[in-house]
file my_file20.cif (mmCIF, C-alpha atoms and all ligand atoms)
data_input
loop_
_atom_site.label_atom_id
_atom_site.label_comp_id
_atom_site.auth_asym_id
_atom_site.auth_seq_id
_atom_site.Cartn_x
_atom_site.Cartn_y
_atom_site.Cartn_z
CA MET E 20 24.47 15.20 3.42
CA SER E 21 20.68 15.28 3.25
CA GLU E 22 18.56 14.42 6.25
CA VAL E 23 15.63 12.07 5.71
CA LYS E 24 13.05 11.10 8.30
CA LEU E 25 10.02 8.87 7.84
CA PHE E 26 7.10 9.04 10.26
CA GLY E 27 5.20 5.77 10.07
CA ALA E 28 3.23 3.00 11.72
CA TRP E 29 4.61 -0.54 11.44
CA PHE E 30 1.36 -2.10 10.19
CA SER E 31 0.57 0.49 7.53
CA PRO E 32 0.69 -0.59 3.87
CA TYR E 33 1.08 3.08 2.92
CA VAL E 34 4.17 3.40 5.09
CA ARG E 35 5.62 0.07 3.95
CA ARG E 36 5.47 1.08 0.30
CA VAL E 37 7.42 4.24 1.09
CA GLU E 38 10.01 2.27 3.05
CA MET E 39 10.36 -0.10 0.09
CA ALA E 40 10.99 2.82 -2.23
CA LEU E 41 13.59 4.37 0.10
CA ASN E 42 15.34 1.03 0.49
CA LEU E 43 15.23 0.39 -3.26
CA LYS E 44 17.08 3.66 -3.83
CA GLY E 45 19.47 3.00 -0.94
CA VAL E 46 18.43 6.16 0.92
CA ILE E 47 19.63 6.37 4.53
CA TYR E 48 16.73 7.52 6.70
CA GLU E 49 15.57 7.71 10.27
CA TYR E 50 12.33 5.83 10.90
CA ILE E 51 10.05 7.24 13.58
CA GLU E 52 7.17 5.05 14.75
CA GLU E 53 4.15 7.24 15.41
CA ASP E 54 1.48 6.30 17.95
CA LEU E 55 -1.68 6.94 15.92
CA LYS E 56 -3.83 7.05 19.06
CA ASN E 57 -1.67 9.78 20.47
CA LYS E 58 0.12 11.62 17.67
CA SER E 59 3.29 13.45 18.67
CA PRO E 60 3.52 17.26 18.53
CA LEU E 61 6.47 16.93 16.13
CA PHE E 62 4.46 14.76 13.75
CA LEU E 63 1.48 17.14 13.88
CA GLN E 64 3.80 20.04 13.28
CA TYR E 65 5.02 18.37 10.08
CA ASN E 66 1.59 17.21 8.94
CA PRO E 67 -1.18 19.40 10.33
CA VAL E 68 -3.11 18.86 7.07
CA THR E 69 -4.08 15.18 6.82
CA LYS E 70 -2.50 14.04 10.13
CA LEU E 71 -1.89 10.66 8.46
CA VAL E 72 1.27 8.56 8.12
CA PRO E 73 3.45 8.26 6.12
CA VAL E 74 5.15 11.62 6.26
CA LEU E 75 8.56 11.94 4.69
CA VAL E 76 10.68 14.83 5.92
CA HIS E 77 13.57 15.73 3.64
CA ASN E 78 15.91 18.42 4.91
CA GLY E 79 13.17 19.70 7.20
CA LYS E 80 10.48 19.81 4.48
CA PRO E 81 7.50 17.46 4.91
CA ILE E 82 5.77 15.54 2.09
CA PHE E 83 2.52 13.64 2.65
CA GLU E 84 0.42 11.07 0.76
CA SER E 85 2.19 7.82 -0.06
CA ASN E 86 1.79 8.08 -3.84
CA VAL E 87 3.13 11.62 -3.87
CA ILE E 88 6.04 10.51 -1.67
CA LEU E 89 6.80 7.60 -4.02
CA GLU E 90 7.06 9.97 -6.99
CA TYR E 91 9.20 12.37 -4.95
CA ILE E 92 11.59 9.57 -4.00
CA ASP E 93 11.80 8.47 -7.62
CA GLU E 94 12.65 11.97 -8.81
CA MET E 95 14.97 12.88 -5.96
CA TRP E 96 17.23 9.83 -5.72
CA GLU E 97 19.10 7.82 -8.33
CA GLY E 98 18.82 4.05 -8.53
CA PRO E 99 16.22 1.65 -9.88
CA SER E 100 13.16 3.48 -11.23
CA ILE E 101 9.76 3.35 -9.63
CA LEU E 102 7.95 4.97 -12.57
CA PRO E 103 8.76 4.25 -16.21
CA LYS E 104 10.63 6.95 -18.17
CA ASP E 105 8.28 7.01 -21.16
CA PRO E 106 5.56 9.69 -20.64
CA TYR E 107 2.74 7.45 -21.86
CA GLN E 108 3.85 4.56 -19.65
CA ARG E 109 4.23 6.98 -16.72
CA ALA E 110 0.67 8.23 -17.25
CA MET E 111 -0.65 4.66 -17.40
CA SER E 112 1.22 3.70 -14.22
CA ARG E 113 -0.38 6.62 -12.43
CA PHE E 114 -3.78 5.62 -13.78
CA TRP E 115 -3.46 1.97 -12.65
CA ALA E 116 -2.08 2.99 -9.26
CA LYS E 117 -5.17 5.15 -8.71
CA PHE E 118 -7.44 2.40 -10.03
CA VAL E 119 -5.96 -0.16 -7.64
CA GLN E 120 -6.25 2.19 -4.68
CA ASP E 121 -9.73 3.63 -5.34
CA LYS E 122 -11.51 0.81 -7.13
CA CYS E 123 -9.95 -2.33 -5.65
CA SER E 124 -8.34 -1.68 -2.25
CA GLU E 125 -10.99 0.64 -0.83
CA PRO E 126 -14.08 -1.47 -1.65
CA LEU E 127 -12.25 -4.65 -0.54
CA TRP E 128 -11.42 -3.01 2.78
CA LYS E 129 -14.95 -1.68 3.13
CA ALA E 130 -16.52 -5.07 2.33
CA CYS E 131 -14.41 -6.74 5.01
CA TRP E 132 -15.43 -4.26 7.72
CA SER E 133 -19.11 -3.84 6.89
CA ALA E 134 -22.24 -5.98 6.80
CA GLY E 135 -25.58 -6.26 5.04
CA GLU E 136 -26.33 -4.00 2.11
CA GLU E 137 -23.19 -1.93 2.57
CA ARG E 138 -21.06 -5.07 2.33
CA GLU E 139 -22.89 -6.32 -0.76
CA LYS E 140 -22.44 -2.97 -2.51
CA ALA E 141 -18.71 -2.85 -1.73
CA LYS E 142 -18.30 -6.51 -2.75
CA LYS E 143 -19.91 -5.87 -6.14
CA GLU E 144 -17.73 -2.82 -6.69
CA ALA E 145 -14.58 -4.75 -5.74
CA GLU E 146 -15.47 -7.71 -7.95
CA GLU E 147 -16.02 -5.52 -11.01
CA ALA E 148 -12.67 -3.79 -10.54
CA LEU E 149 -10.79 -7.02 -9.74
CA LYS E 150 -12.05 -8.55 -12.99
CA ILE E 151 -10.45 -5.66 -14.88
CA LEU E 152 -7.25 -5.93 -12.84
CA GLU E 153 -7.15 -9.69 -13.41
CA ASN E 154 -7.03 -9.03 -17.13
CA GLU E 155 -4.43 -6.26 -16.78
CA ILE E 156 -1.91 -8.47 -14.95
CA LYS E 157 -2.44 -11.49 -17.23
CA GLY E 158 0.86 -12.73 -18.68
CA LYS E 159 2.98 -10.20 -16.74
CA LYS E 160 5.28 -10.88 -13.83
CA PHE E 161 4.62 -7.49 -12.23
CA PHE E 162 2.46 -4.52 -13.16
CA GLY E 163 5.80 -2.82 -13.82
CA GLY E 164 6.79 -5.63 -16.25
CA ASP E 165 9.85 -7.63 -15.18
CA ASN E 166 10.55 -5.20 -12.37
CA ILE E 167 8.45 -3.96 -9.48
CA GLY E 168 7.01 -0.53 -10.21
CA LEU E 169 4.60 2.09 -8.85
CA VAL E 170 1.47 -0.04 -9.32
CA ASP E 171 3.06 -3.01 -7.55
CA TYR E 172 4.01 -0.80 -4.60
CA VAL E 173 0.50 0.60 -4.35
CA ALA E 174 -1.06 -2.84 -4.83
CA ASN E 175 0.95 -4.21 -1.86
CA PHE E 176 -2.30 -3.74 0.04
CA ILE E 177 -4.21 -6.31 -1.99
CA ALA E 178 -1.24 -8.69 -2.20
CA PHE E 179 -0.41 -8.90 1.50
CA TRP E 180 -2.94 -7.15 3.76
CA ILE E 181 -6.24 -8.11 2.12
CA PRO E 182 -5.71 -11.92 2.23
CA ILE E 183 -4.87 -11.62 5.96
CA LEU E 184 -7.89 -9.41 6.62
CA GLN E 185 -10.20 -11.76 4.67
CA ASP E 186 -9.11 -14.66 6.90
CA VAL E 187 -9.58 -12.59 10.05
CA VAL E 188 -13.12 -11.52 9.20
CA GLY E 189 -14.01 -14.82 7.46
CA PHE E 190 -15.22 -13.12 4.30
CA HIS E 191 -13.40 -13.81 1.04
CA ILE E 192 -13.72 -11.86 -2.19
CA LEU E 193 -10.19 -12.00 -3.60
CA THR E 194 -9.71 -15.74 -4.05
CA GLN E 195 -7.30 -17.83 -6.08
CA ASP E 196 -10.03 -19.61 -8.04
CA LYS E 197 -11.76 -16.37 -9.13
CA TYR E 198 -8.62 -14.28 -9.72
CA PRO E 199 -5.74 -16.68 -10.55
CA ASN E 200 -3.60 -14.04 -12.28
CA ILE E 201 -3.83 -11.58 -9.38
CA TRP E 202 -3.11 -14.44 -6.97
CA LYS E 203 -0.03 -15.50 -8.96
CA TRP E 204 1.21 -11.89 -9.03
CA SER E 205 0.60 -11.55 -5.24
CA ASP E 206 2.67 -14.68 -4.61
CA GLU E 207 5.46 -13.41 -6.83
CA LEU E 208 5.45 -9.99 -5.11
CA CYS E 209 5.24 -11.19 -1.51
CA ASN E 210 7.92 -13.84 -2.08
CA ASN E 211 10.29 -11.43 -3.80
CA SER E 212 13.30 -11.29 -1.48
CA PHE E 213 13.46 -7.48 -1.48
CA VAL E 214 9.71 -7.05 -0.86
CA LYS E 215 9.72 -9.74 1.84
CA LYS E 216 12.29 -7.80 3.85
CA ASN E 217 10.01 -4.76 3.77
CA LEU E 218 6.78 -6.44 4.86
CA PRO E 219 5.66 -6.78 8.48
CA GLU E 220 5.29 -10.20 10.09
CA LYS E 221 2.10 -11.88 8.89
CA GLU E 222 1.22 -13.16 12.37
CA LYS E 223 1.65 -9.72 13.89
CA VAL E 224 -0.62 -8.11 11.29
CA SER E 225 -3.17 -10.86 11.76
CA SER E 226 -3.23 -10.35 15.56
CA ALA E 227 -3.54 -6.57 15.18
CA LEU E 228 -6.43 -6.96 12.74
CA LYS E 229 -8.14 -9.54 14.99
CA MET E 230 -7.91 -7.10 17.87
CA ALA E 231 -9.25 -4.29 15.69
CA PHE E 232 -12.13 -6.51 14.53
CA GLN E 233 -13.05 -7.49 18.09
CA THR E 234 -12.82 -4.01 19.58
CA GLY E 235 -13.92 -1.97 16.57
CA ASN E 236 -10.81 0.21 16.99
CA LEU E 237 -8.21 0.16 14.29
CA TYR E 238 -5.51 1.87 16.35
N1 LIG G 1 -4.00 8.36 1.40
C1 LIG G 1 -3.05 8.23 2.47
C2 LIG G 1 -3.55 7.22 3.46
C3 LIG G 1 -2.66 7.08 4.69
C4 LIG G 1 -3.38 6.44 5.87
O1 LIG G 1 -4.58 6.15 5.80
N2 LIG G 1 -2.64 6.26 6.98
C5 LIG G 1 -3.24 5.72 8.18
C6 LIG G 1 -2.42 4.54 8.68
S1 LIG G 1 -2.59 3.14 7.63
C7 LIG G 1 -3.21 6.79 9.28
O2 LIG G 1 -2.28 7.57 9.37
N3 LIG G 1 -4.24 6.83 10.14
C8 LIG G 1 -4.29 7.74 11.24
C9 LIG G 1 -5.64 8.36 11.43
O3 LIG G 1 -6.59 7.96 10.73
O4 LIG G 1 -5.76 9.22 12.29
C10 LIG G 1 -1.68 7.84 1.87
O5 LIG G 1 -1.66 7.22 0.80
O6 LIG G 1 -0.64 8.20 2.44
#
call {"tool": "encode", "arguments": {"input": "my_file20.cif", "output": "structure tokens", "more": "lines below"}}
Ligand SMILES: N[C@@H](CCC(=O)N[C@@H](CS)C(=O)NCC(=O)O)C(=O)O
result
Amino acid sequence: MSEVKLFGAWFSPYVRRVEMALNLKGVIYEYIEEDLKNKSPLFLQYNPVTKLVPVLVHNGKPIFESNVILEYIDEMWEGPSILPKDPYQRAMSRFWAKFVQDKCSEPLWKACWSAGEEREKAKKEAEEALKILENEIKGKKFFGGDNIGLVDYVANFIAFWIPILQDVVGFHILTQDKYPNIWKWSDELCNNSFVKKNLPEKEKVSSALKMAFQTGNLY
């Protein structure tokens, strides 16, 4: 019997996407909540490289970086696929996952936490990328087609966390009127019964972000 441990933080979108993937495949695992202000020696022993959660430990061997972990889970365990089987579709999923992370999520996050010129620059960058994403999701239920796939997992950040953060900071870029297709997809994803079970409580995330915004400390 294999031994699977996941080091995480309850509020982390990166951790939640890994939990979703493990649950999708029906993997039995031990979840270990890590205090990011005071990381445990065991956690640092497993991930002395990036020191970030999530870290998946499978039979004593650690794997870091959520996207790498998602692919590992997909290859290691049977069950519903996270990536498509077709090589071209697999390549495109990887491309869009990276696009969502680098071009949409990061500038959106940055715009919410910054001000002045820095905010304007991040806003412009996010808007350009969201326009492209808006077109990509048009007419589809999920980025993965009828089923949730890699891009949907990675885009959990813009579906669930970004709308909460926008309300907390009072600065809105991703809005229903500007990006109706993304908004529709977000609704579909967050209200999916499987996804819902793997998301944190909205109120709890909102309070944690409010606290972070007031104090300037994320953890
Ligand atoms: N690129 C990483 C990002 C992970 C990440 O940023 N994790 C945050 C929690 S949301 C973390 O561990 N922060 C701790 C720190 O910055 O020291 C991934 O995809 O796994």
call {"tool": "residues_near_ligand", "arguments": {"input": "my_file20.cif", "ligand": "ligand LIG 1 (chain G)", "cutoff": "10 Å", "atoms": "all atoms listed in the file", "output": "PyMOL selection string"}}
result
chain E and resi 26-37+53-58+69-74+82-89+120+173+237-238
call {"tool": "atom_distance", "arguments": {"input": "my_file20.cif", "atom1": "atom CA of E:Tyr107", "atom2": "atom CA of E:Met95"}}
result
20.8 Å
call {"tool": "closest_residue", "arguments": {"input": "my_file20.cif", "among": "E:Lys215, E:Asp93, E:Thr194, E:Leu208", "to": "E:Leu127", "atoms": "only C-alpha atoms"}}
result
E:Thr194
call {"tool": "atom_distance", "arguments": {"input": "my_file20.cif", "atom1": "atom CA of E:Val23", "atom2": "atom CA of E:Leu75"}}
result
7.1 Å
call {"tool": "closest_residue", "arguments": {"input": "my_file20.cif", "among": "E:Asn217, E:Asn166, E:Asn236, E:Asn210", "to": "E:Asn42", "atoms": "all atoms listed in the file"}}
result
E:Asn217
call {"tool": "closest_residue", "arguments": {"input": "my_file20.cif", "among": "E:His77, E:Lys203, E:Lys229, E:Lys117", "to": "E:Leu169", "atoms": "all atoms listed in the file"}}
result
E:Lys117
call {"tool": "atom_distance", "arguments": {"input": "my_file20.cif", "atom1": "atom CA of E:Lys160", "atom2": "atom CA of E:Cys209"}}
result
12.3 Å
call {"tool": "closest_residue", "arguments": {"input": "my_file20.cif", "among": "E:Leu102, E:Ala134, E:Leu61, E:Ile177", "to": "E:Phe114", "atoms": "all atoms listed in the file"}}
result
E:Leu102
call {"tool": "closest_residue", "arguments": {"input": "my_file20.cif", "among": "E:Trp96, E:Asn175, E:Leu25, E:Pro182", "to": "E:Leu218", "atoms": "all atoms listed in the file"}}
result
E:Asn175
call {"tool": "closest_residue", "arguments": {"input": "my_file20.cif", "among": "E:Gln195, E:Thr234, E:Ser225, E:Ser112", "to": "E:Ala174", "atoms": "all atoms listed in the file"}}
result
E:Ser112
call {"tool": "decode", "arguments": {"input": "my_file20.cif", "residues": "stretch 62-98 of chain E", "atoms": "N, CA and C atoms", "output": "compact mmCIF listing (two decimals), in the first residue's frame"}}
result
# COMPACT_ATOMS: atom_id res chain seq x y z
N PHE E 62 8.70 19.48 7.09
CA PHE E 62 8.34 20.09 5.80
C PHE E 62 9.59 20.61 5.09
N LEU E 63 10.46 21.29 5.84
CA LEU E 63 11.68 21.86 5.23
C LEU E 63 12.65 20.76 4.80
N GLN E 64 12.56 19.65 5.48
CA GLN E 64 13.40 18.51 5.08
C GLN E 64 12.92 17.97 3.72
N TYR E 65 11.59 17.95 3.52
CA TYR E 65 11.05 17.47 2.25
C TYR E 65 11.21 18.50 1.14
N ASN E 66 11.06 19.77 1.47
CA ASN E 66 11.18 20.80 0.44
C ASN E 66 12.13 21.92 0.86
N PRO E 67 13.44 21.63 0.81
CA PRO E 67 14.39 22.69 1.15
C PRO E 67 14.62 23.62 -0.06
N VAL E 68 14.01 23.28 -1.20
CA VAL E 68 14.29 24.02 -2.44
C VAL E 68 13.43 25.28 -2.54
N THR E 69 12.11 25.10 -2.66
CA THR E 69 11.26 26.30 -2.80
C THR E 69 10.64 26.70 -1.46
N LYS E 70 10.57 25.74 -0.53
CA LYS E 70 9.96 25.96 0.80
C LYS E 70 8.49 26.40 0.68
N LEU E 71 7.84 26.05 -0.43
CA LEU E 71 6.44 26.44 -0.63
C LEU E 71 5.54 25.20 -0.55
N VAL E 72 4.28 25.41 -0.11
CA VAL E 72 3.27 24.36 -0.23
C VAL E 72 2.57 24.57 -1.56
N PRO E 73 2.05 23.53 -2.17
CA PRO E 73 1.95 22.15 -1.71
C PRO E 73 3.22 21.33 -1.95
N VAL E 74 3.40 20.35 -1.04
CA VAL E 74 4.40 19.31 -1.29
C VAL E 74 3.69 17.98 -1.14
N LEU E 75 3.80 17.16 -2.16
CA LEU E 75 3.23 15.82 -2.10
C LEU E 75 4.36 14.86 -1.80
N VAL E 76 4.16 13.99 -0.83
CA VAL E 76 5.20 13.01 -0.51
C VAL E 76 4.61 11.63 -0.78
N HIS E 77 5.18 10.95 -1.76
CA HIS E 77 4.68 9.63 -2.14
C HIS E 77 5.75 8.59 -1.81
N ASN E 78 5.43 7.70 -0.92
CA ASN E 78 6.39 6.69 -0.45
C ASN E 78 7.73 7.32 -0.08
N GLY E 79 7.65 8.43 0.64
CA GLY E 79 8.85 9.08 1.16
C GLY E 79 9.52 10.03 0.18
N LYS E 80 9.03 10.07 -1.09
CA LYS E 80 9.69 10.94 -2.08
C LYS E 80 8.86 12.21 -2.30
N PRO E 81 9.48 13.39 -2.10
CA PRO E 81 8.72 14.63 -2.24
C PRO E 81 8.64 15.14 -3.69
N ILE E 82 7.51 15.77 -4.00
CA ILE E 82 7.32 16.42 -5.32
C ILE E 82 6.79 17.81 -5.01
N PHE E 83 7.37 18.83 -5.65
CA PHE E 83 6.88 20.20 -5.42
C PHE E 83 6.35 20.81 -6.72
N GLU E 84 5.74 21.98 -6.58
CA GLU E 84 5.12 22.75 -7.66
C GLU E 84 3.79 22.12 -8.04
N SER E 85 2.71 22.87 -7.82
CA SER E 85 1.37 22.29 -8.00
C SER E 85 1.15 21.69 -9.39
N ASN E 86 1.62 22.37 -10.44
CA ASN E 86 1.37 21.84 -11.79
C ASN E 86 2.11 20.53 -12.04
N VAL E 87 3.32 20.45 -11.48
CA VAL E 87 4.10 19.22 -11.61
C VAL E 87 3.41 18.10 -10.82
N ILE E 88 2.90 18.46 -9.65
CA ILE E 88 2.20 17.47 -8.82
C ILE E 88 0.94 16.97 -9.53
N LEU E 89 0.22 17.89 -10.18
CA LEU E 89 -1.01 17.49 -10.88
C LEU E 89 -0.69 16.46 -11.96
N GLU E 90 0.38 16.71 -12.70
CA GLU E 90 0.75 15.77 -13.77
C GLU E 90 1.19 14.43 -13.18
N TYR E 91 1.90 14.50 -12.04
CA TYR E 91 2.35 13.28 -11.38
C TYR E 91 1.14 12.44 -10.95
N ILE E 92 0.18 13.11 -10.34
CA ILE E 92 -1.03 12.41 -9.88
C ILE E 92 -1.75 11.75 -11.07
N ASP E 93 -1.81 12.49 -12.16
CA ASP E 93 -2.50 11.98 -13.34
C ASP E 93 -1.82 10.72 -13.89
N GLU E 94 -0.49 10.74 -13.86
CA GLU E 94 0.26 9.60 -14.40
C GLU E 94 0.30 8.43 -13.42
N MET E 95 0.31 8.74 -12.15
CA MET E 95 0.51 7.69 -11.14
C MET E 95 -0.76 6.91 -10.83
N TRP E 96 -1.92 7.60 -10.79
CA TRP E 96 -3.13 6.92 -10.35
C TRP E 96 -4.18 6.86 -11.46
N GLU E 97 -4.89 5.74 -11.48
CA GLU E 97 -5.97 5.55 -12.45
C GLU E 97 -7.16 6.42 -12.05
N GLY E 98 -8.14 6.48 -12.94
CA GLY E 98 -9.34 7.25 -12.62
C GLY E 98 -9.52 8.33 -13.67
